[in-house]
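A.B. asks: Below is one structure. I have some questions about it.
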Amino acid sequence: MTDVEIKKGLAGVTVDYTAVSKVNPETNSLLYRGYPVQELAATQPFEAVAYLLWNGELPTDEQLASLRAEERKHRALADNVKAAIDLLPLEAHPMDEVRTAVSVIGASDSSGSGSVLDAAGSPEENLARSIRLYASLPAIVAYGQRRRRGQEIVPPRDDLDYAANFLWMTFGEEAEPVVVDAFNRSMTLYAEHSFNASTFTARVITSTLSDLYSAVVGAIGALKGPLHGGANEAVLHIFNEIGSAENVVPWLDKALAEKRKIMGFGHRVYKRGDSRVPTMKTALDTLIEHYDRPDVAALYDALESEFVSRKGIYPNLDYPSGPAYNLIGFDTLTFTPLFIASRVTGWTAHIMEQTASNALIRPLSAYNGPDERHIDGYVPDAAHL
Ligand code: CMC
């Protein structure tokens with residue numbers, strides 16, 4: 001054993017600078033490129049937030065129009081991506097489906113494919129790849145849900161902006177403005193969160209000078225886990241288990257006795273509440289009112305107050321977003337793919353930042369296995385002496 005200090009899970013370790021976002025647990029604030037996320041969610045379309053993350057400034061009207069035009073070019077599900085998805089079993093988890101689709105998009109992009117030495121790509125190539133992925137993901141997520149429901153694909157509509165078109169392609173009908181607004185806010189809140197596990201994974205892959213698509217595929221793998229992005233899906237599973245507000249106390253007694261983690265609560269960085277929750281909770285409240293579902297509010301409030309009073313651990317963003325996506329009509333299994341569609345903007349902003357000031361990420365480990373030992377009868381040959 002060694003006497004070096006190990007920081008399990010890199011907890012509390014600062015590994016690099018970033019100009020993409022700032023998390024301040026003391027003031028409970030999250031800034032994207034300097035702007036509070038609550039202000040962005042209340043005032044900006046998701047397209048403008050994506051532009052901000054990639055370029056460092058909010059777009060002018062002209063820049064926003066240009067990004068929107070580019071996004072529309074890549075909205076339709078490409079034939080080869082659809083063919084690859086169709087090869088997958090219907091039982092495949094949608095996260096695996098989206099991961100596979102992104103891999104197909106990457107393998108179909110001939111820019112920088114001549115040699116591994118070209119993989120990292122130029123800043124212009126990587127921005128174009130980022131826009132293409134962000135524009136392509138809604139069709140992949142929407143088609144996945146429709147395929148599992150046995151429904152036909154719905155082609156995109158050029159007259160709708162990003163959030164409205166995403167809902168159109170998923171449900172085949174135009175969403176009410178209140179629903180589009182809540183969905184747009186959730187996309188903004190999920191877009192970026194400094195060096196979380198999936199973003200760090202993307203940066204590790206990028207640091208080897210691998211390509212942007214490989215980094216996004218790796219990030220999707222990290223996001224799938226229930227300790228990270230998978231928690232929004234897991235929240236709905238526990239809501240379904242509990243059933244109604246009256247059942248919260250006995251359910252929680254049993255869950256805590258079994259030492260279960262209560263999904264949607266707790267955070268590695270925020271210990272006094274997640275800065276994104278109040279904004280998402282307000283969006284959830286508008287949906288509860290719109291769909292007239294006071295039962296959802298009752299269950300939400302009962303579990304939150306009971307768990308917080310027992311453990312002092314507060315909800316994270318996945319707690320209000322899970323029921324919000326459920327009310328909108330998304331299948332539970334589609335929730336974490338929605339997180340991908342949003343977070344791809346933050347991931348790619350970090351990939352471009354990592355590329356611009358790269359150092360191979362290669363930490364050390366402290367060995368705690370057996371002392372050096374040897375195979376009985378082994379005689380080194382002369383060449384190895
Ligand atoms: N339910 C029950 N106990 C909890 C929970 C929870 N949700 N979160 C933390 N604890 C307890 C934990 O059991 C431990 O207790 P003890 O010291 O007695 O062993 C203590 O609090 C510290 O927990 P930890 O897991 O060591 O803390 P962490 O900073 O490593 O964990 C976390 C952060 C997010 C992994 C954890 O809170 C958790 O597992 N939450 C549930 C999953 C979840 O909602 N994840 C979404 C995270 S936010 C979205 C995102 O950024 O991806």
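Labels for the structure tokens follow display order: chains A, B, ..., residues from 1 in each chain, ligands from 1.
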Neighbours of ligand 1 within 7 Å, counting only C-alpha atoms and all ligand atoms, as a CSV table (one decimal) with C-alpha atoms, in the first residue's frame?
C.D. replies:
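To be explicit, this is the file written out as part_15.csv:
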```
chain,number,residue,atom,x,y,z
A,196,ASN,CA,-19.8,16.1,-14.9
A,226,PRO,CA,-28.6,6.0,-13.1
A,227,LEU,CA,-26.1,7.9,-11.0
A,228,HIS,CA,-26.0,10.4,-13.8
A,229,GLY,CA,-28.4,11.0,-16.7
A,231,ALA,CA,-31.8,9.3,-13.0
A,260,ARG,CA,-31.8,2.1,-1.7
A,261,LYS,CA,-30.7,5.4,-3.3
A,262,ILE,CA,-33.8,7.6,-3.9
A,263,MET,CA,-33.4,8.7,-7.5
A,264,GLY,CA,-33.7,12.4,-8.3
A,265,PHE,CA,-32.1,13.4,-5.0
A,266,GLY,CA,-28.6,14.3,-4.1
A,267,HIS,CA,-25.7,15.8,-6.1
A,268,ARG,CA,-22.0,15.6,-6.0
A,269,VAL,CA,-21.5,19.3,-6.2
A,313,ILE,CA,-30.7,15.6,0.7
A,316,ASN,CA,-31.7,17.5,-8.4
A,317,LEU,CA,-32.9,18.5,-11.9
A,318,ASP,CA,-34.0,14.9,-12.8
```
A.B. asks: Among stretch 63-301 of chain A, which ones does DSSP assign to helix (DSSP H, G or I) (computed from the backbone)? Answer as a PyMOL selection string.
C.D. replies: chain A and resi 63-73+79-87+94-108+116-118+123-148+162-171+177-190+197-207+212-224+231-242+245-257+277-291+294-301
A.B. asks: Determine, counting only C-alpha atoms, which protein, DNA and RNA residues have an atom within 10 Å of an atom of A:Ala191; residues of the same chain fewer than 3 positions away are not included. Present the result as a PyMOL selection string.
C.D. replies: chain A and resi 32+37+46+49-50+53+186-188+339-347
A.B. asks: Please identify all polymer residues within 8 Å of A:Val178, counting only C-alpha atoms, omitting same-chain residues fewer than 5 positions from it, and present them as a list in words.
C.D. replies: Thr286, Leu287 and His290 of chain A
A.B. asks: May I have the selected residues written with N, CA and C atoms, as a CSV table (one decimal), in the first residue's frame?
C.D. replies:
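What follows is the written file out_20.csv:
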```
chain,number,residue,atom,x,y,z
A,286,THR,N,-46.5,24.3,-14.5
A,286,THR,CA,-47.4,24.8,-15.6
A,286,THR,C,-48.0,23.6,-16.4
A,287,LEU,N,-47.2,22.5,-16.5
A,287,LEU,CA,-47.7,21.3,-17.1
A,287,LEU,C,-48.8,20.6,-16.3
A,290,HIS,N,-51.8,22.6,-16.9
A,290,HIS,CA,-52.3,22.4,-18.2
A,290,HIS,C,-53.0,21.0,-18.4
```
A.B. asks: Within 9 Å of stretch 142-158 of chain A, which residues of stretch 52-99 of chain A show up? Give each one with its shortest atom-to-atom distance in Å (one decimal) and the two atoms involved, counting only C-alpha atoms, rows by chain then rising residue number, as a tab-separated table.
C.D. replies:
```
residue	atom	partner	partner_atom	distance
A:Arg72	CA	A:Asp158	CA	6.5
A:Arg75	CA	A:Pro156	CA	6.4
A:Ala76	CA	A:Pro156	CA	6.0
A:Leu77	CA	A:Pro155	CA	8.0
A:Lys82	CA	A:Tyr143	CA	8.4
A:Ile85	CA	A:Gly144	CA	7.9
A:Asp86	CA	A:Arg147	CA	8.5
A:Leu90	CA	A:Arg148	CA	6.0
A:Glu91	CA	A:Arg148	CA	8.2
A:Pro94	CA	A:Gly144	CA	6.6
A:Glu97	CA	A:Gly144	CA	7.5
A:Val98	CA	A:Gly144	CA	8.2
```
A.B. asks: For each of A:Phe200, A:Phe330, A:Phe166, A:Tyr300, take the minimum atom-to-atom distance to A:Val235, counting only C-alpha atoms, then give the residue where this is smallest.
C.D. replies: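 Looking at the shortest contact to A:Val235, the residue is A:Tyr300.
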A.B. asks: Counting only C-alpha atoms, what is within 12 Å of A:Gly230, bar same-chain residues fewer than 6 positions away, as number ranges by chain?
C.D. replies: A: 93-95, 198, 220-224, 236-237, 263-264, 317-319, 321-322, 332-340
A.B. asks: Determine the nearest neighbour of A:Val23 from the options A:Pro89, A:Gly312, A:Pro36, A:Gly218, counting only C-alpha atoms.
C.D. replies: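 Between A:Pro89, A:Gly312, A:Pro36, A:Gly218, the residue approaching A:Val23 most closely is A:Pro36.
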A.B. asks: Please determine, counting only C-alpha atoms, which residue among A:Glu246, A:Ala197, A:Tyr325, A:His350 has the shortest atom-to-atom distance to A:Leu10.
C.D. replies: A:Ala197
A.B. asks: I'd like the contact shell of A:Leu209 - 12 Å cut-off, only C-alpha atoms, skipping same-chain residues fewer than 6 positions apart - returned as a list in words.
C.D. replies: Gly112, Ser115, Val116, Leu117, Asp118, Ala119, Ala120, Gly121, Ser122, Ala202, Arg203, Ala215, Ile351, Met352, Gln354, Thr355, Ala356, Ser357, Asn358, Ala359, Leu360 and Ile361 of chain A
A.B. asks: Please determine, counting only C-alpha atoms, which residue among A:Val296, A:Ile288, A:Val15, A:Leu160 has the shortest atom-to-atom distance to A:Gly243.
C.D. replies: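 That would be A:Val296, the residue with the smallest distance to A:Gly243.
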A.B. asks: I'd like the contact shell of stretch 250-258 of chain A - 12 Å cut-off, only C-alpha atoms, skipping same-chain residues fewer than 3 positions apart - returned as JSON, numbers by chain.
C.D. replies: {"A": [238, 239, 240, 241, 242, 243, 244, 245, 246, 247, 261, 262, 263, 299, 302, 303, 304, 305, 306, 307, 308, 309, 310, 311]}
A.B. asks: Take the residues from that selection and put them in a file with N, CA and C atoms, as a PDB file, in the first residue's frame.
C.D. replies:
```pdb
ATOM      1  N   ILE A 238     -39.650   5.128  -9.784  1.00  0.00           N
ATOM      2  CA  ILE A 238     -40.037   5.139  -8.359  1.00  0.00           C
ATOM      3  C   ILE A 238     -41.415   5.765  -8.181  1.00  0.00           C
ATOM      4  N   PHE A 239     -41.763   6.762  -8.994  1.00  0.00           N
ATOM      5  CA  PHE A 239     -43.128   7.326  -8.915  1.00  0.00           C
ATOM      6  C   PHE A 239     -44.154   6.214  -9.184  1.00  0.00           C
ATOM      7  N   ASN A 240     -43.858   5.382 -10.176  1.00  0.00           N
ATOM      8  CA  ASN A 240     -44.806   4.300 -10.501  1.00  0.00           C
ATOM      9  C   ASN A 240     -44.887   3.288  -9.367  1.00  0.00           C
ATOM     10  N   GLU A 241     -43.720   3.022  -8.738  1.00  0.00           N
ATOM     11  CA  GLU A 241     -43.714   2.089  -7.603  1.00  0.00           C
ATOM     12  C   GLU A 241     -44.556   2.635  -6.453  1.00  0.00           C
ATOM     13  N   ILE A 242     -44.388   3.933  -6.169  1.00  0.00           N
ATOM     14  CA  ILE A 242     -45.088   4.525  -5.015  1.00  0.00           C
ATOM     15  C   ILE A 242     -46.587   4.628  -5.306  1.00  0.00           C
ATOM     16  N   GLY A 243     -46.916   5.061  -6.507  1.00  0.00           N
ATOM     17  CA  GLY A 243     -48.325   5.106  -6.919  1.00  0.00           C
ATOM     18  C   GLY A 243     -49.039   6.393  -6.562  1.00  0.00           C
ATOM     19  N   SER A 244     -49.112   6.723  -5.261  1.00  0.00           N
ATOM     20  CA  SER A 244     -49.822   7.952  -4.882  1.00  0.00           C
ATOM     21  C   SER A 244     -49.216   8.512  -3.601  1.00  0.00           C
ATOM     22  N   ALA A 245     -49.550   9.774  -3.330  1.00  0.00           N
ATOM     23  CA  ALA A 245     -48.958  10.499  -2.198  1.00  0.00           C
ATOM     24  C   ALA A 245     -49.142   9.737  -0.874  1.00  0.00           C
ATOM     25  N   GLU A 246     -50.276   9.069  -0.694  1.00  0.00           N
ATOM     26  CA  GLU A 246     -50.563   8.372   0.580  1.00  0.00           C
ATOM     27  C   GLU A 246     -49.564   7.253   0.838  1.00  0.00           C
ATOM     28  N   ASN A 247     -48.962   6.758  -0.233  1.00  0.00           N
ATOM     29  CA  ASN A 247     -48.080   5.600  -0.080  1.00  0.00           C
ATOM     30  C   ASN A 247     -46.612   5.981   0.149  1.00  0.00           C
ATOM     31  N   LYS A 261     -30.892   3.979  -2.981  1.00  0.00           N
ATOM     32  CA  LYS A 261     -30.723   5.386  -3.327  1.00  0.00           C
ATOM     33  C   LYS A 261     -32.057   5.877  -3.873  1.00  0.00           C
ATOM     34  N   ILE A 262     -32.492   7.026  -3.440  1.00  0.00           N
ATOM     35  CA  ILE A 262     -33.757   7.584  -3.938  1.00  0.00           C
ATOM     36  C   ILE A 262     -33.414   8.467  -5.128  1.00  0.00           C
ATOM     37  N   MET A 263     -33.822   8.013  -6.302  1.00  0.00           N
ATOM     38  CA  MET A 263     -33.400   8.662  -7.539  1.00  0.00           C
ATOM     39  C   MET A 263     -34.010  10.057  -7.667  1.00  0.00           C
ATOM     40  N   LEU A 299     -47.931  13.783  -5.193  1.00  0.00           N
ATOM     41  CA  LEU A 299     -46.886  12.767  -5.029  1.00  0.00           C
ATOM     42  C   LEU A 299     -45.504  13.416  -4.982  1.00  0.00           C
ATOM     43  N   ALA A 302     -45.074  15.265  -1.672  1.00  0.00           N
ATOM     44  CA  ALA A 302     -45.009  14.366  -0.515  1.00  0.00           C
ATOM     45  C   ALA A 302     -43.647  13.678  -0.435  1.00  0.00           C
ATOM     46  N   LEU A 303     -43.162  13.182  -1.569  1.00  0.00           N
ATOM     47  CA  LEU A 303     -41.861  12.496  -1.539  1.00  0.00           C
ATOM     48  C   LEU A 303     -40.745  13.477  -1.216  1.00  0.00           C
ATOM     49  N   GLU A 304     -40.809  14.658  -1.828  1.00  0.00           N
ATOM     50  CA  GLU A 304     -39.761  15.647  -1.567  1.00  0.00           C
ATOM     51  C   GLU A 304     -39.720  16.026  -0.088  1.00  0.00           C
ATOM     52  N   SER A 305     -40.881  16.374   0.486  1.00  0.00           N
ATOM     53  CA  SER A 305     -40.819  16.858   1.870  1.00  0.00           C
ATOM     54  C   SER A 305     -40.441  15.737   2.829  1.00  0.00           C
ATOM     55  N   GLU A 306     -40.918  14.525   2.579  1.00  0.00           N
ATOM     56  CA  GLU A 306     -40.598  13.410   3.471  1.00  0.00           C
ATOM     57  C   GLU A 306     -39.102  13.062   3.397  1.00  0.00           C
ATOM     58  N   PHE A 307     -38.562  13.004   2.161  1.00  0.00           N
ATOM     59  CA  PHE A 307     -37.153  12.612   2.021  1.00  0.00           C
ATOM     60  C   PHE A 307     -36.216  13.702   2.530  1.00  0.00           C
ATOM     61  N   VAL A 308     -36.535  14.959   2.192  1.00  0.00           N
ATOM     62  CA  VAL A 308     -35.667  16.058   2.633  1.00  0.00           C
ATOM     63  C   VAL A 308     -35.680  16.145   4.165  1.00  0.00           C
ATOM     64  N   SER A 309     -36.855  15.961   4.773  1.00  0.00           N
ATOM     65  CA  SER A 309     -36.878  16.090   6.235  1.00  0.00           C
ATOM     66  C   SER A 309     -36.154  14.932   6.905  1.00  0.00           C
ATOM     67  N   ARG A 310     -36.164  13.764   6.275  1.00  0.00           N
ATOM     68  CA  ARG A 310     -35.464  12.626   6.908  1.00  0.00           C
ATOM     69  C   ARG A 310     -33.955  12.676   6.673  1.00  0.00           C
ATOM     70  N   LYS A 311     -33.542  13.040   5.427  1.00  0.00           N
ATOM     71  CA  LYS A 311     -32.124  12.884   5.089  1.00  0.00           C
ATOM     72  C   LYS A 311     -31.390  14.209   4.852  1.00  0.00           C
TER      73      LYS A 311
END
```
A.B. asks: Report, in Å to a single decimal, how far apart atom CA of A:Thr208 and atom CA of A:Glu5 are.
C.D. replies: 26.4 Å
A.B. asks: Check the smallest atom-to-atom distance from each of A:Leu127, A:Leu133, A:Val277, A:Ala234 to A:Asn55 using only C-alpha atoms, then report the winner.
C.D. replies: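 Smallest separation from A:Asn55 among the options: A:Leu127.
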A.B. asks: Can you pull out every residue from stretch 23-71 of chain A that DSSP, working from the backbone, puts in strand (DSSP E or B), and format the result as an NGL selection string?
C.D. replies: :A and (23-24 or 29-32 or 35-36)
A.B. asks: If I take atom CA of A:Lys271 and atom CA of A:Lys8, how far is one from the other in Å, to one decimal?
C.D. replies: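 Going from atom CA of A:Lys271 over to atom CA of A:Lys8 covers 17.7 Å.
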